[in-house]
>>> print(open('model-v4.txt').read())   # compact mmCIF, C-alpha atoms and all ligand atoms
# COMPACT_ATOMS: atom_id res chain seq x y z
CA MET A 13 136.32 6.18 -65.33
CA LYS A 14 132.96 4.51 -65.59
CA LEU A 15 132.68 4.46 -61.81
CA ASP A 16 133.14 8.23 -61.72
CA GLU A 17 130.51 8.58 -64.37
CA LEU A 18 128.12 6.52 -62.24
CA ASP A 19 128.90 8.58 -59.19
CA ASN A 20 128.18 11.85 -61.02
CA LEU A 21 125.02 10.44 -62.45
CA LYS A 22 123.88 9.43 -58.99
CA LYS A 23 124.54 12.85 -57.50
CA GLN A 24 122.79 14.62 -60.37
CA ALA A 25 119.79 12.30 -60.37
CA LEU A 26 119.24 12.44 -56.60
CA LYS A 27 119.52 16.22 -56.65
CA GLU A 28 116.97 16.57 -59.41
CA ILE A 29 114.60 14.03 -57.85
CA LEU A 30 114.73 15.90 -54.57
CA ALA A 31 114.01 19.18 -56.29
CA SER A 32 111.12 17.98 -58.41
CA LYS A 33 107.85 19.70 -57.54
CA ASP A 34 105.13 17.61 -59.13
CA GLY A 35 104.30 14.20 -60.56
CA LYS A 36 104.77 15.22 -64.14
CA SER A 37 108.33 16.55 -63.70
CA LEU A 38 109.13 13.48 -61.58
CA GLU A 39 107.93 11.23 -64.37
CA ASN A 40 110.05 13.19 -66.87
CA LEU A 41 113.05 12.65 -64.64
CA ARG A 42 112.35 8.95 -64.42
CA VAL A 43 112.35 8.78 -68.21
CA LYS A 44 115.52 10.89 -68.35
CA PHE A 45 117.51 8.58 -66.07
CA LEU A 46 115.83 5.19 -66.20
CA GLY A 47 113.77 5.32 -69.43
CA ARG A 48 114.09 2.18 -71.47
CA LYS A 49 115.00 4.08 -74.57
CA GLY A 50 117.76 6.60 -73.99
CA GLY A 51 117.70 6.84 -70.18
CA GLU A 52 121.13 7.99 -68.89
CA LEU A 53 121.65 4.97 -66.67
CA THR A 54 120.14 2.62 -69.23
CA LYS A 55 122.71 3.80 -71.74
CA ILE A 56 125.54 2.93 -69.34
CA LEU A 57 124.03 -0.45 -68.59
CA ARG A 58 123.79 -1.20 -72.31
CA THR A 59 127.52 -0.56 -72.84
CA LEU A 60 128.53 -3.01 -70.11
CA LYS A 61 128.64 -5.91 -72.52
CA ASP A 62 131.43 -4.25 -74.53
CA LEU A 63 133.73 -3.74 -71.52
CA PRO A 64 136.65 -6.00 -70.64
CA ILE A 65 135.63 -8.64 -68.13
CA VAL A 66 137.54 -7.06 -65.22
CA GLU A 67 135.78 -3.70 -65.63
CA LYS A 68 132.48 -5.40 -66.21
CA ARG A 69 132.79 -7.14 -62.82
CA LYS A 70 133.42 -3.79 -61.13
CA ILE A 71 130.94 -1.61 -62.89
CA GLY A 72 128.09 -4.08 -63.47
CA PRO A 73 127.07 -4.50 -59.82
CA ALA A 74 127.56 -0.78 -59.13
CA ALA A 75 125.33 0.21 -62.06
CA ASN A 76 122.62 -2.24 -61.01
CA ALA A 77 122.79 -1.01 -57.41
CA LEU A 78 122.40 2.55 -58.67
CA ARG A 79 119.35 1.60 -60.69
CA GLU A 80 117.72 0.11 -57.60
CA GLU A 81 118.66 3.15 -55.53
CA LEU A 82 117.16 5.53 -58.08
CA GLU A 83 113.98 3.47 -58.40
CA GLN A 84 113.60 3.65 -54.62
CA ALA A 85 114.24 7.39 -54.67
CA PHE A 86 111.55 7.90 -57.33
CA LYS A 87 109.08 5.82 -55.35
CA GLN A 88 109.82 7.67 -52.17
CA LYS A 89 109.49 11.08 -53.80
CA LEU A 90 106.22 10.13 -55.48
CA LYS A 91 104.86 9.03 -52.10
CA GLU A 92 105.83 12.36 -50.58
CA LEU A 93 104.26 14.32 -53.39
CA LEU A 94 101.07 12.28 -53.16
CA THR A 95 100.70 12.71 -49.41
CA SER A 96 101.21 16.44 -49.64
CA ASN A 97 98.79 16.66 -52.59
CA PRO A 98 96.60 13.56 -53.10
CA GLN A 99 95.00 14.95 -56.26
CA LEU A 100 98.32 15.21 -57.95
CA PRO A 101 98.27 13.94 -61.52
CA THR A 102 101.12 11.48 -61.81
CA ASN A 103 101.39 9.18 -64.75
CA LEU A 104 97.67 8.58 -64.54
CA ASP A 105 96.05 7.98 -67.91
CA ILE A 106 92.44 9.00 -67.53
CA THR A 107 91.55 7.57 -70.94
CA MET A 108 92.31 4.02 -69.79
CA PRO A 109 89.18 1.92 -69.16
CA GLY A 110 88.47 1.64 -65.43
CA LYS A 111 88.68 -1.54 -63.39
CA LYS A 112 85.37 -3.39 -63.51
CA ILE A 113 83.99 -3.82 -60.02
CA ALA A 114 82.01 -7.02 -59.73
CA VAL A 115 78.55 -6.19 -58.38
CA GLY A 116 76.22 -8.71 -56.84
CA HIS A 117 72.85 -9.46 -58.38
CA LEU A 118 69.68 -11.32 -57.61
CA HIS A 119 69.35 -15.11 -57.74
CA PRO A 120 67.23 -16.34 -60.69
CA LEU A 121 64.57 -17.62 -58.28
CA THR A 122 64.33 -14.19 -56.65
CA LEU A 123 64.04 -12.61 -60.08
CA VAL A 124 61.14 -14.87 -61.05
CA GLU A 125 59.48 -14.48 -57.65
CA ASN A 126 59.69 -10.69 -57.91
CA GLU A 127 58.21 -10.81 -61.39
CA ILE A 128 55.34 -13.02 -60.19
CA ARG A 129 54.69 -10.68 -57.26
CA GLU A 130 54.53 -7.68 -59.61
CA ILE A 131 52.15 -9.38 -62.06
CA PHE A 132 49.72 -10.37 -59.32
CA LYS A 133 49.94 -6.98 -57.63
CA ALA A 134 48.96 -5.44 -60.97
CA LEU A 135 45.96 -7.81 -60.96
CA ASN A 136 44.98 -6.41 -57.55
CA PHE A 137 46.26 -9.34 -55.45
CA SER A 138 47.92 -8.72 -52.07
CA VAL A 139 51.14 -10.51 -51.15
CA VAL A 140 50.99 -12.45 -47.86
CA GLU A 141 53.49 -14.64 -46.04
CA GLY A 142 53.26 -17.40 -43.44
CA PRO A 143 55.53 -19.47 -41.16
CA GLU A 144 57.88 -22.14 -42.52
CA ALA A 145 57.63 -24.17 -39.30
CA GLU A 146 53.94 -25.05 -39.31
CA THR A 147 51.50 -27.05 -37.22
CA GLU A 148 49.91 -30.27 -38.32
CA HIS A 149 46.58 -28.51 -38.02
CA TYR A 150 47.25 -25.86 -40.68
CA ASN A 151 49.39 -28.00 -42.96
CA PHE A 152 46.95 -30.93 -43.02
CA ASP A 153 43.80 -31.07 -40.84
CA ALA A 154 42.38 -27.67 -41.72
CA LEU A 155 42.98 -28.45 -45.38
CA ASN A 156 40.65 -31.43 -45.21
CA ILE A 157 43.49 -33.94 -44.90
CA PRO A 158 42.64 -35.78 -41.66
CA LYS A 159 45.14 -37.97 -39.80
CA ASP A 160 45.51 -41.44 -41.34
CA HIS A 161 44.02 -40.18 -44.62
CA PRO A 162 45.94 -41.70 -47.54
CA ALA A 163 46.18 -38.26 -49.16
CA ARG A 164 48.84 -37.37 -46.58
CA ASP A 165 51.20 -39.56 -48.58
CA MET A 166 51.19 -36.86 -51.27
CA TRP A 167 53.34 -34.76 -48.96
CA ASP A 168 56.35 -36.52 -47.44
CA THR A 169 56.99 -34.56 -44.32
CA PHE A 170 59.90 -33.40 -42.18
CA TRP A 171 58.52 -33.56 -38.66
CA LEU A 172 60.13 -31.33 -36.06
CA LYS A 173 61.61 -32.61 -32.83
CA GLN A 174 59.40 -33.64 -29.96
CA GLU A 175 61.11 -31.28 -27.44
CA THR A 176 60.18 -28.26 -29.50
CA ARG A 177 56.62 -29.42 -29.59
CA ASP A 178 56.47 -30.04 -25.83
CA LYS A 179 57.79 -26.57 -25.12
CA LYS A 180 55.23 -25.07 -27.51
CA GLN A 181 52.54 -27.17 -25.85
CA GLU A 182 53.40 -25.67 -22.47
CA THR A 183 53.28 -22.11 -23.77
CA SER A 184 50.10 -22.75 -25.69
CA LYS A 185 48.42 -24.11 -22.55
CA LYS A 186 49.60 -21.10 -20.61
CA ASN A 187 48.48 -18.61 -23.28
CA ASN A 188 45.36 -20.54 -24.20
CA THR A 189 46.18 -20.38 -27.94
CA PRO A 190 44.56 -23.02 -30.14
CA HIS A 191 46.41 -25.43 -32.47
CA VAL A 192 49.91 -24.69 -31.22
CA ALA A 193 49.79 -27.95 -29.29
CA ASP A 194 49.72 -29.80 -32.61
CA ARG A 195 52.72 -31.63 -33.92
CA LEU A 196 55.14 -29.30 -35.65
CA LEU A 197 56.57 -29.81 -39.11
CA LEU A 198 58.30 -27.96 -41.91
CA ARG A 199 55.42 -26.93 -44.15
CA THR A 200 55.13 -29.17 -47.19
CA HIS A 201 53.26 -26.55 -49.21
CA THR A 202 52.11 -22.93 -48.96
CA SER A 203 48.43 -23.96 -48.70
CA PRO A 204 48.29 -23.67 -44.85
CA VAL A 205 48.54 -19.89 -45.28
CA GLN A 206 45.10 -20.00 -46.96
CA VAL A 207 43.47 -20.97 -43.65
CA ARG A 208 45.67 -18.68 -41.56
CA TYR A 209 44.68 -15.73 -43.75
CA MET A 210 40.97 -16.56 -43.81
CA GLU A 211 40.90 -16.81 -39.99
CA THR A 212 41.93 -13.19 -39.70
CA HIS A 213 40.38 -11.57 -42.81
CA GLN A 214 36.96 -11.25 -44.32
CA PRO A 215 36.21 -11.71 -48.03
CA PRO A 216 36.21 -10.49 -50.71
CA PHE A 217 39.98 -10.68 -51.14
CA GLN A 218 42.62 -12.08 -53.43
CA ILE A 219 46.09 -12.99 -52.22
CA ILE A 220 49.24 -14.73 -53.31
CA VAL A 221 51.64 -16.41 -50.88
CA PRO A 222 55.20 -16.94 -52.06
CA GLY A 223 57.30 -19.08 -49.73
CA ARG A 224 59.73 -21.84 -49.02
CA VAL A 225 58.47 -25.38 -48.55
CA PHE A 226 60.08 -28.69 -47.63
CA ARG A 227 59.56 -32.32 -48.61
CA TYR A 228 61.22 -35.47 -47.42
CA GLU A 229 61.86 -36.74 -50.94
CA ALA A 230 64.67 -38.13 -53.06
CA THR A 231 66.16 -35.38 -55.23
CA ASP A 232 66.44 -35.60 -59.00
CA ALA A 233 66.47 -33.20 -61.95
CA SER A 234 62.97 -31.92 -61.10
CA HIS A 235 62.69 -32.55 -57.34
CA GLU A 236 64.38 -30.84 -54.41
CA ILE A 237 63.80 -31.34 -50.71
CA ASN A 238 63.65 -27.57 -50.29
CA PHE A 239 61.86 -25.53 -52.92
CA TYR A 240 59.51 -22.58 -53.36
CA GLN A 241 55.83 -22.34 -54.10
CA VAL A 242 53.46 -19.51 -54.83
CA GLU A 243 49.97 -20.05 -53.49
CA GLY A 244 46.98 -18.10 -54.77
CA LEU A 245 43.56 -17.62 -53.18
CA MET A 246 40.59 -15.55 -54.27
CA VAL A 247 37.42 -15.62 -52.17
CA GLY A 248 34.16 -13.77 -52.54
CA LYS A 249 30.58 -14.14 -53.64
CA ASP A 250 30.04 -15.73 -57.06
CA ILE A 251 33.66 -16.61 -57.75
CA THR A 252 33.80 -19.31 -60.40
CA LEU A 253 36.31 -21.35 -62.36
CA ALA A 254 35.87 -18.84 -65.19
CA ASN A 255 37.48 -16.19 -62.92
CA PHE A 256 40.31 -18.60 -62.21
CA LYS A 257 40.86 -19.33 -65.89
CA TYR A 258 41.00 -15.64 -66.75
CA VAL A 259 43.43 -14.75 -63.94
CA ILE A 260 45.75 -17.63 -64.66
CA GLN A 261 45.77 -17.15 -68.42
CA GLU A 262 46.53 -13.46 -67.88
CA PHE A 263 49.27 -14.33 -65.39
CA PHE A 264 51.10 -16.77 -67.68
CA SER A 265 50.79 -14.51 -70.72
CA ARG A 266 52.37 -11.65 -68.77
CA LEU A 267 55.07 -13.92 -67.33
CA PHE A 268 56.09 -15.46 -70.65
CA LYS A 269 55.45 -12.19 -72.52
CA LYS A 270 53.21 -13.79 -75.13
CA THR A 271 49.70 -15.16 -75.24
CA VAL A 272 49.92 -18.74 -74.02
CA ALA A 273 47.17 -21.32 -74.18
CA ILE A 274 46.30 -23.12 -70.95
CA ARG A 275 44.60 -26.44 -70.35
CA LEU A 276 42.71 -27.54 -67.24
CA ARG A 277 42.65 -31.25 -66.39
CA PRO A 278 40.68 -32.90 -63.59
CA SER A 279 42.86 -33.81 -60.62
CA TYR A 280 42.62 -34.43 -56.90
CA PHE A 281 43.65 -32.30 -53.94
CA PRO A 282 41.68 -32.78 -50.69
CA PHE A 283 41.29 -29.01 -50.16
CA VAL A 284 39.50 -28.29 -53.44
CA GLU A 285 36.46 -29.58 -55.25
CA PRO A 286 36.75 -29.87 -58.18
CA GLY A 287 40.54 -30.19 -58.26
CA LEU A 288 42.55 -29.31 -61.35
CA GLU A 289 45.96 -29.62 -62.84
CA VAL A 290 46.94 -26.65 -65.03
CA ASP A 291 49.10 -27.07 -68.13
CA VAL A 292 50.48 -24.26 -70.31
CA GLN A 293 51.24 -24.82 -73.94
CA CYS A 294 54.99 -25.47 -74.25
CA VAL A 295 56.66 -22.07 -74.46
CA LYS A 296 59.60 -23.52 -76.35
CA CYS A 297 57.93 -25.38 -79.21
CA GLY A 298 54.51 -23.71 -79.08
CA GLY A 299 52.81 -27.10 -78.68
CA LYS A 300 54.49 -29.04 -81.48
CA GLY A 301 56.44 -31.29 -79.09
CA CYS A 302 60.08 -30.95 -78.03
CA ASN A 303 62.55 -32.10 -75.37
CA VAL A 304 61.27 -29.51 -72.84
CA CYS A 305 57.67 -30.76 -72.93
CA LYS A 306 58.73 -34.38 -73.48
CA GLU A 307 57.01 -34.28 -76.89
CA SER A 308 53.58 -33.68 -75.32
CA GLY A 309 53.26 -30.00 -76.30
CA TRP A 310 52.16 -29.11 -72.74
CA LEU A 311 53.90 -28.25 -69.47
CA GLU A 312 52.36 -29.08 -66.10
CA VAL A 313 52.64 -25.92 -64.01
CA MET A 314 50.27 -25.94 -61.04
CA GLY A 315 47.60 -27.59 -58.94
CA ALA A 316 44.37 -25.70 -58.41
CA GLY A 317 40.62 -25.89 -57.81
CA MET A 318 37.57 -24.44 -56.09
CA VAL A 319 38.03 -24.17 -52.32
CA HIS A 320 36.45 -27.14 -50.51
CA PRO A 321 33.56 -26.28 -48.12
CA ASN A 322 35.43 -28.07 -45.29
CA VAL A 323 38.33 -25.63 -45.68
CA PHE A 324 35.95 -22.66 -45.40
CA GLU A 325 34.49 -24.27 -42.28
CA ALA A 326 37.96 -24.76 -40.75
CA ALA A 327 38.44 -21.00 -41.19
CA HIS A 328 35.00 -20.32 -39.60
CA TYR A 329 33.46 -19.11 -42.86
CA ASN A 330 30.01 -20.17 -43.96
CA PRO A 331 30.59 -22.22 -47.13
CA ARG A 332 27.04 -21.54 -48.30
CA ASP A 333 27.79 -17.83 -48.63
CA LEU A 334 31.11 -17.97 -50.42
CA GLN A 335 33.13 -19.43 -53.22
CA GLY A 336 36.80 -19.23 -53.99
CA PHE A 337 39.51 -20.58 -56.16
CA ALA A 338 43.01 -21.54 -55.05
CA PHE A 339 46.17 -22.63 -56.78
CA GLY A 340 49.75 -23.56 -55.97
CA LEU A 341 52.68 -23.45 -58.35
CA GLY A 342 56.29 -24.55 -58.03
CA LEU A 343 58.59 -21.56 -58.47
CA GLU A 344 61.62 -23.58 -59.64
CA ARG A 345 59.58 -25.33 -62.32
CA ILE A 346 58.42 -21.97 -63.67
CA ALA A 347 61.97 -20.57 -63.60
CA MET A 348 63.20 -23.72 -65.37
CA ILE A 349 60.67 -23.20 -68.15
CA LYS A 350 61.34 -19.46 -68.40
CA TYR A 351 65.13 -19.76 -68.55
CA ASN A 352 65.35 -23.24 -70.10
CA ILE A 353 67.20 -24.73 -67.09
CA PRO A 354 67.56 -28.51 -67.31
CA ASP A 355 68.12 -29.43 -63.63
CA ILE A 356 66.49 -27.99 -60.49
CA ARG A 357 69.61 -28.75 -58.42
CA LEU A 358 71.53 -26.01 -60.25
CA PHE A 359 69.56 -23.38 -58.29
CA TYR A 360 71.07 -24.58 -55.03
CA SER A 361 74.51 -25.65 -56.27
CA GLY A 362 76.18 -22.35 -55.34
CA ASP A 363 77.99 -22.60 -58.69
CA LEU A 364 78.81 -19.02 -59.71
CA ARG A 365 79.12 -19.99 -63.37
CA PHE A 366 75.40 -20.77 -63.25
CA ILE A 367 74.32 -17.84 -61.08
CA LYS A 368 76.26 -15.24 -63.10
CA GLN A 369 74.19 -15.91 -66.22
CA PHE A 370 71.14 -14.12 -64.81
C1 LIG B 401 46.64 -27.34 -55.24
C2 LIG B 401 45.33 -26.89 -55.18
C3 LIG B 401 45.10 -25.71 -54.51
O1 LIG B 401 43.84 -25.28 -54.40
C4 LIG B 401 46.11 -24.96 -53.94
C5 LIG B 401 47.41 -25.45 -54.01
C6 LIG B 401 47.67 -26.62 -54.65
C7 LIG B 401 49.04 -27.16 -54.68
C8 LIG B 401 49.30 -28.12 -53.52
N1 LIG B 401 49.37 -27.43 -52.26
C9 LIG B 401 50.61 -28.84 -53.78
O2 LIG B 401 51.56 -28.69 -53.04
N2 LIG B 401 50.60 -29.61 -54.87
S1 LIG B 401 51.89 -30.37 -55.43
O3 LIG B 401 52.37 -31.30 -54.46
O4 LIG B 401 51.56 -30.95 -56.71
O5 LIG B 401 53.00 -29.27 -55.64
C10 LIG B 401 52.71 -28.11 -56.40
C11 LIG B 401 53.88 -27.79 -57.30
O6 LIG B 401 55.09 -27.73 -56.54
C12 LIG B 401 54.14 -28.85 -58.35
O7 LIG B 401 53.32 -28.64 -59.47
C13 LIG B 401 55.57 -28.66 -58.65
O8 LIG B 401 55.74 -27.60 -59.56
C14 LIG B 401 56.15 -28.22 -57.34
N3 LIG B 401 56.83 -29.33 -56.64
C15 LIG B 401 56.29 -30.37 -55.99
N4 LIG B 401 57.22 -31.16 -55.44
C16 LIG B 401 58.41 -30.59 -55.75
C17 LIG B 401 58.16 -29.43 -56.52
N5 LIG B 401 59.15 -28.64 -56.97
C18 LIG B 401 60.40 -29.00 -56.66
N6 LIG B 401 60.75 -30.08 -55.94
C19 LIG B 401 59.78 -30.90 -55.47
N7 LIG B 401 60.12 -31.96 -54.72
>>> encode(input="model-v4.txt", output="structure tokens")
Amino acid sequence: MKLDELDNLKKQALKEILASKDGKSLENLRVKFLGRKGGELTKILRTLKDLPIVEKRKIGPAANALREELEQAFKQKLKELLTSNPQLPTNLDITMPGKKIAVGHLHPLTLVENEIREIFKALNFSVVEGPEAETEHYNFDALNIPKDHPARDMWDTFWLKQETRDKKQETSKKNNTPHVADRLLLRTHTSPVQVRYMETHQPPFQIIVPGRVFRYEATDASHEINFYQVEGLMVGKDITLANFKYVIQEFFSRLFKKTVAIRLRPSYFPFVEPGLEVDVQCVKCGGKGCNVCKESGWLEVMGAGMVHPNVFEAAHYNPRDLQGFAFGLGLERIAMIKYNIPDIRLFYSGDLRFIKQF
């Protein structure tokens, strides 16, 4: 008797499924036959447990097979309805929150670099770039760091392979281009772009040079072998350290979004005279002393100074006519201060848990 019932149910259900015209009526049918509460087939399946074992063995598999058959029929019909009318509303609930699509975003170093670019552009600086593979001439000699000068030890260098250099030497001889015959290296700082820019431009001007630099150093929490610097150079008549102090104070106040005190300390870089080290008052503790500033109240942020006459001469400028200031900051160090990041290696770890926070 139950088997007949199943057979009738099957015929009726398949007929109605076939005849259904839209997603909504199809969904109603699904509820009518397979709905968890009160579906026709569900009701039969629920009574199975009360049947004698012999009947149960007969009807159980048949009822389950019918359920699968009907589910297939519903799926098939829905597919047909959707292909004939893709906009068909099925059991779509438009009030459900949508699936969140993960969008990419900028790396924290790019964010800080962009911010620095914008601040300097607003201060009327132009943004300039230079090559990462550099010649010994621009990276050292033209910056008043002659061969065998002990100051070269300040920049541990990745030298490029001899073959590359020999090939370049050939082309440079052929093309009669100066300096290319020099040894090649991965630039250890962005300062070589100072000379490159001065060779092709006349003052007055003010530029910044963001870029990647390389040092053959052991890595630790504040040192990488590959990092970024932003160079600055302003050249004209009557440029003084007072101009530098104003520009740099303005820059840091805009970057950290509050007025920050800066401190200039005497230092040595061969391409400036006098040379300076610039500290900003610790942005975390405001100068009281904390773990970020190692209790000193100050953070060392850049090297700077007044352009050395020998550097002007290397760029074929007359040092008697001009003055300029220059500076170079480490981008990672600034980003570490701004976002309170404890270890420089996190920037290059590729760890999405870190990157996703920005
Ligand atoms: C100085 C005077 C100027 O007139 C112009 C530029 C300069 C800066 C000079 N060219 C220079 O490279 N100085 S530096 O070796 O002290 O580096 C500058 C900054 O780069 C440092 O203050 C630091 O923030 C960062 N830096 C240096 N070595 C690093 C590093 N950041 C990450 N990893 C390293 N290994």
>>> closest_residue(input="model-v4.txt", among="A:Asp250, A:Glu146, A:Glu39, A:Asp165", to="ligand LIG 401 (chain B)", atoms="all atoms listed in the file")
A:Asp165
>>> residues_around(input="model-v4.txt", residues="range 349-356 of chain A", least_positions_apart="6", cutoff="9 Å", atoms="only C-alpha atoms", output="ChimeraX atom specification")
/A:120,124,232-236,267-268,294-296,304,311
>>> residues_near_ligand(input="model-v4.txt", ligand="ligand LIG 401 (chain B)", cutoff="9 Å", atoms="all atoms listed in the file", output="PyMOL selection string")
chain A and resi 166-167+200-204+206+225-245+280-285+287-290+312-320+337-346+356
>>> residues_near_point(input="model-v4.txt", point="(126.8, 1.2, -66.8)", cutoff="12 Å", atoms="all atoms listed in the file", output="compact mmCIF listing (two decimals) with C-alpha atoms, in the frame of the given file")
# COMPACT_ATOMS: atom_id res chain seq x y z
CA MET A 13 136.32 6.18 -65.33
CA LYS A 14 132.96 4.51 -65.59
CA LEU A 15 132.68 4.46 -61.81
CA ASP A 16 133.14 8.23 -61.72
CA GLU A 17 130.51 8.58 -64.37
CA LEU A 18 128.12 6.52 -62.24
CA ASP A 19 128.90 8.58 -59.19
CA LEU A 21 125.02 10.44 -62.45
CA LYS A 22 123.88 9.43 -58.99
CA PHE A 45 117.51 8.58 -66.07
CA LEU A 46 115.83 5.19 -66.20
CA GLY A 51 117.70 6.84 -70.18
CA GLU A 52 121.13 7.99 -68.89
CA LEU A 53 121.65 4.97 -66.67
CA THR A 54 120.14 2.62 -69.23
CA LYS A 55 122.71 3.80 -71.74
CA ILE A 56 125.54 2.93 -69.34
CA LEU A 57 124.03 -0.45 -68.59
CA ARG A 58 123.79 -1.20 -72.31
CA THR A 59 127.52 -0.56 -72.84
CA LEU A 60 128.53 -3.01 -70.11
CA LYS A 61 128.64 -5.91 -72.52
CA ASP A 62 131.43 -4.25 -74.53
CA LEU A 63 133.73 -3.74 -71.52
CA GLU A 67 135.78 -3.70 -65.63
CA LYS A 68 132.48 -5.40 -66.21
CA ARG A 69 132.79 -7.14 -62.82
CA LYS A 70 133.42 -3.79 -61.13
CA ILE A 71 130.94 -1.61 -62.89
CA GLY A 72 128.09 -4.08 -63.47
CA PRO A 73 127.07 -4.50 -59.82
CA ALA A 74 127.56 -0.78 -59.13
CA ALA A 75 125.33 0.21 -62.06
CA ASN A 76 122.62 -2.24 -61.01
CA ALA A 77 122.79 -1.01 -57.41
CA LEU A 78 122.40 2.55 -58.67
CA ARG A 79 119.35 1.60 -60.69
>>> atom_distance(input="model-v4.txt", atom1="CA of Leu26 in chain A", atom2="CA of Phe86 in chain A")
9.0 Å
>>> closest_residue(input="model-v4.txt", among="A:Ala154, A:Leu82, A:Met246, A:Thr95", to="Asn136 in chain A", atoms="all atoms listed in the file")
A:Met246
>>> atom_distance(input="model-v4.txt", atom1="CA of Ile220 in chain A", atom2="CA of Phe132 in chain A")
7.4 Å
>>> residues_around(input="model-v4.txt", residues="Glu148 in chain A", least_positions_apart="2", cutoff="7 Å", atoms="all atoms listed in the file", output="number ranges by chain")
A: 146, 150-153, 194-197
>>> build_atoms(input="model-v4.txt", residues="range 54-66 of chain A", atoms="N, CA, C and O atoms", output="PDB file, in the frame of the given file")
ATOM      1  N   THR A  54     120.382   3.731 -68.305  1.00  0.00           N
ATOM      2  CA  THR A  54     120.140   2.620 -69.230  1.00  0.00           C
ATOM      3  C   THR A  54     121.258   2.556 -70.276  1.00  0.00           C
ATOM      4  O   THR A  54     121.732   1.476 -70.628  1.00  0.00           O
ATOM      5  N   LYS A  55     121.644   3.755 -70.726  1.00  0.00           N
ATOM      6  CA  LYS A  55     122.710   3.800 -71.740  1.00  0.00           C
ATOM      7  C   LYS A  55     123.982   3.142 -71.186  1.00  0.00           C
ATOM      8  O   LYS A  55     124.622   2.343 -71.849  1.00  0.00           O
ATOM      9  N   ILE A  56     124.326   3.502 -69.936  1.00  0.00           N
ATOM     10  CA  ILE A  56     125.540   2.930 -69.340  1.00  0.00           C
ATOM     11  C   ILE A  56     125.401   1.410 -69.209  1.00  0.00           C
ATOM     12  O   ILE A  56     126.294   0.653 -69.565  1.00  0.00           O
ATOM     13  N   LEU A  57     124.231   0.996 -68.764  1.00  0.00           N
ATOM     14  CA  LEU A  57     124.030  -0.450 -68.590  1.00  0.00           C
ATOM     15  C   LEU A  57     124.163  -1.192 -69.913  1.00  0.00           C
ATOM     16  O   LEU A  57     124.675  -2.311 -69.970  1.00  0.00           O
ATOM     17  N   ARG A  58     123.726  -0.549 -70.983  1.00  0.00           N
ATOM     18  CA  ARG A  58     123.790  -1.200 -72.310  1.00  0.00           C
ATOM     19  C   ARG A  58     125.242  -1.372 -72.791  1.00  0.00           C
ATOM     20  O   ARG A  58     125.522  -2.265 -73.571  1.00  0.00           O
ATOM     21  N   THR A  59     126.142  -0.474 -72.336  1.00  0.00           N
ATOM     22  CA  THR A  59     127.520  -0.560 -72.840  1.00  0.00           C
ATOM     23  C   THR A  59     128.343  -1.592 -72.069  1.00  0.00           C
ATOM     24  O   THR A  59     129.456  -1.916 -72.461  1.00  0.00           O
ATOM     25  N   LEU A  60     127.767  -2.073 -70.948  1.00  0.00           N
ATOM     26  CA  LEU A  60     128.530  -3.010 -70.110  1.00  0.00           C
ATOM     27  C   LEU A  60     129.081  -4.193 -70.889  1.00  0.00           C
ATOM     28  O   LEU A  60     130.198  -4.637 -70.692  1.00  0.00           O
ATOM     29  N   LYS A  61     128.249  -4.677 -71.820  1.00  0.00           N
ATOM     30  CA  LYS A  61     128.640  -5.910 -72.520  1.00  0.00           C
ATOM     31  C   LYS A  61     129.909  -5.730 -73.363  1.00  0.00           C
ATOM     32  O   LYS A  61     130.604  -6.701 -73.664  1.00  0.00           O
ATOM     33  N   ASP A  62     130.237  -4.473 -73.696  1.00  0.00           N
ATOM     34  CA  ASP A  62     131.430  -4.250 -74.530  1.00  0.00           C
ATOM     35  C   ASP A  62     132.699  -4.064 -73.687  1.00  0.00           C
ATOM     36  O   ASP A  62     133.803  -3.951 -74.227  1.00  0.00           O
ATOM     37  N   LEU A  63     132.561  -4.009 -72.370  1.00  0.00           N
ATOM     38  CA  LEU A  63     133.730  -3.740 -71.520  1.00  0.00           C
ATOM     39  C   LEU A  63     134.559  -5.000 -71.296  1.00  0.00           C
ATOM     40  O   LEU A  63     134.020  -6.118 -71.334  1.00  0.00           O
ATOM     41  N   PRO A  64     135.847  -4.837 -71.009  1.00  0.00           N
ATOM     42  CA  PRO A  64     136.650  -6.000 -70.640  1.00  0.00           C
ATOM     43  C   PRO A  64     136.096  -6.612 -69.352  1.00  0.00           C
ATOM     44  O   PRO A  64     135.551  -5.883 -68.521  1.00  0.00           O
ATOM     45  N   ILE A  65     136.279  -7.887 -69.227  1.00  0.00           N
ATOM     46  CA  ILE A  65     135.630  -8.640 -68.130  1.00  0.00           C
ATOM     47  C   ILE A  65     135.923  -8.070 -66.756  1.00  0.00           C
ATOM     48  O   ILE A  65     135.040  -7.999 -65.895  1.00  0.00           O
ATOM     49  N   VAL A  66     137.176  -7.576 -66.543  1.00  0.00           N
ATOM     50  CA  VAL A  66     137.540  -7.060 -65.220  1.00  0.00           C
ATOM     51  C   VAL A  66     136.703  -5.837 -64.884  1.00  0.00           C
ATOM     52  O   VAL A  66     136.141  -5.707 -63.793  1.00  0.00           O
TER      53      VAL A  66
END
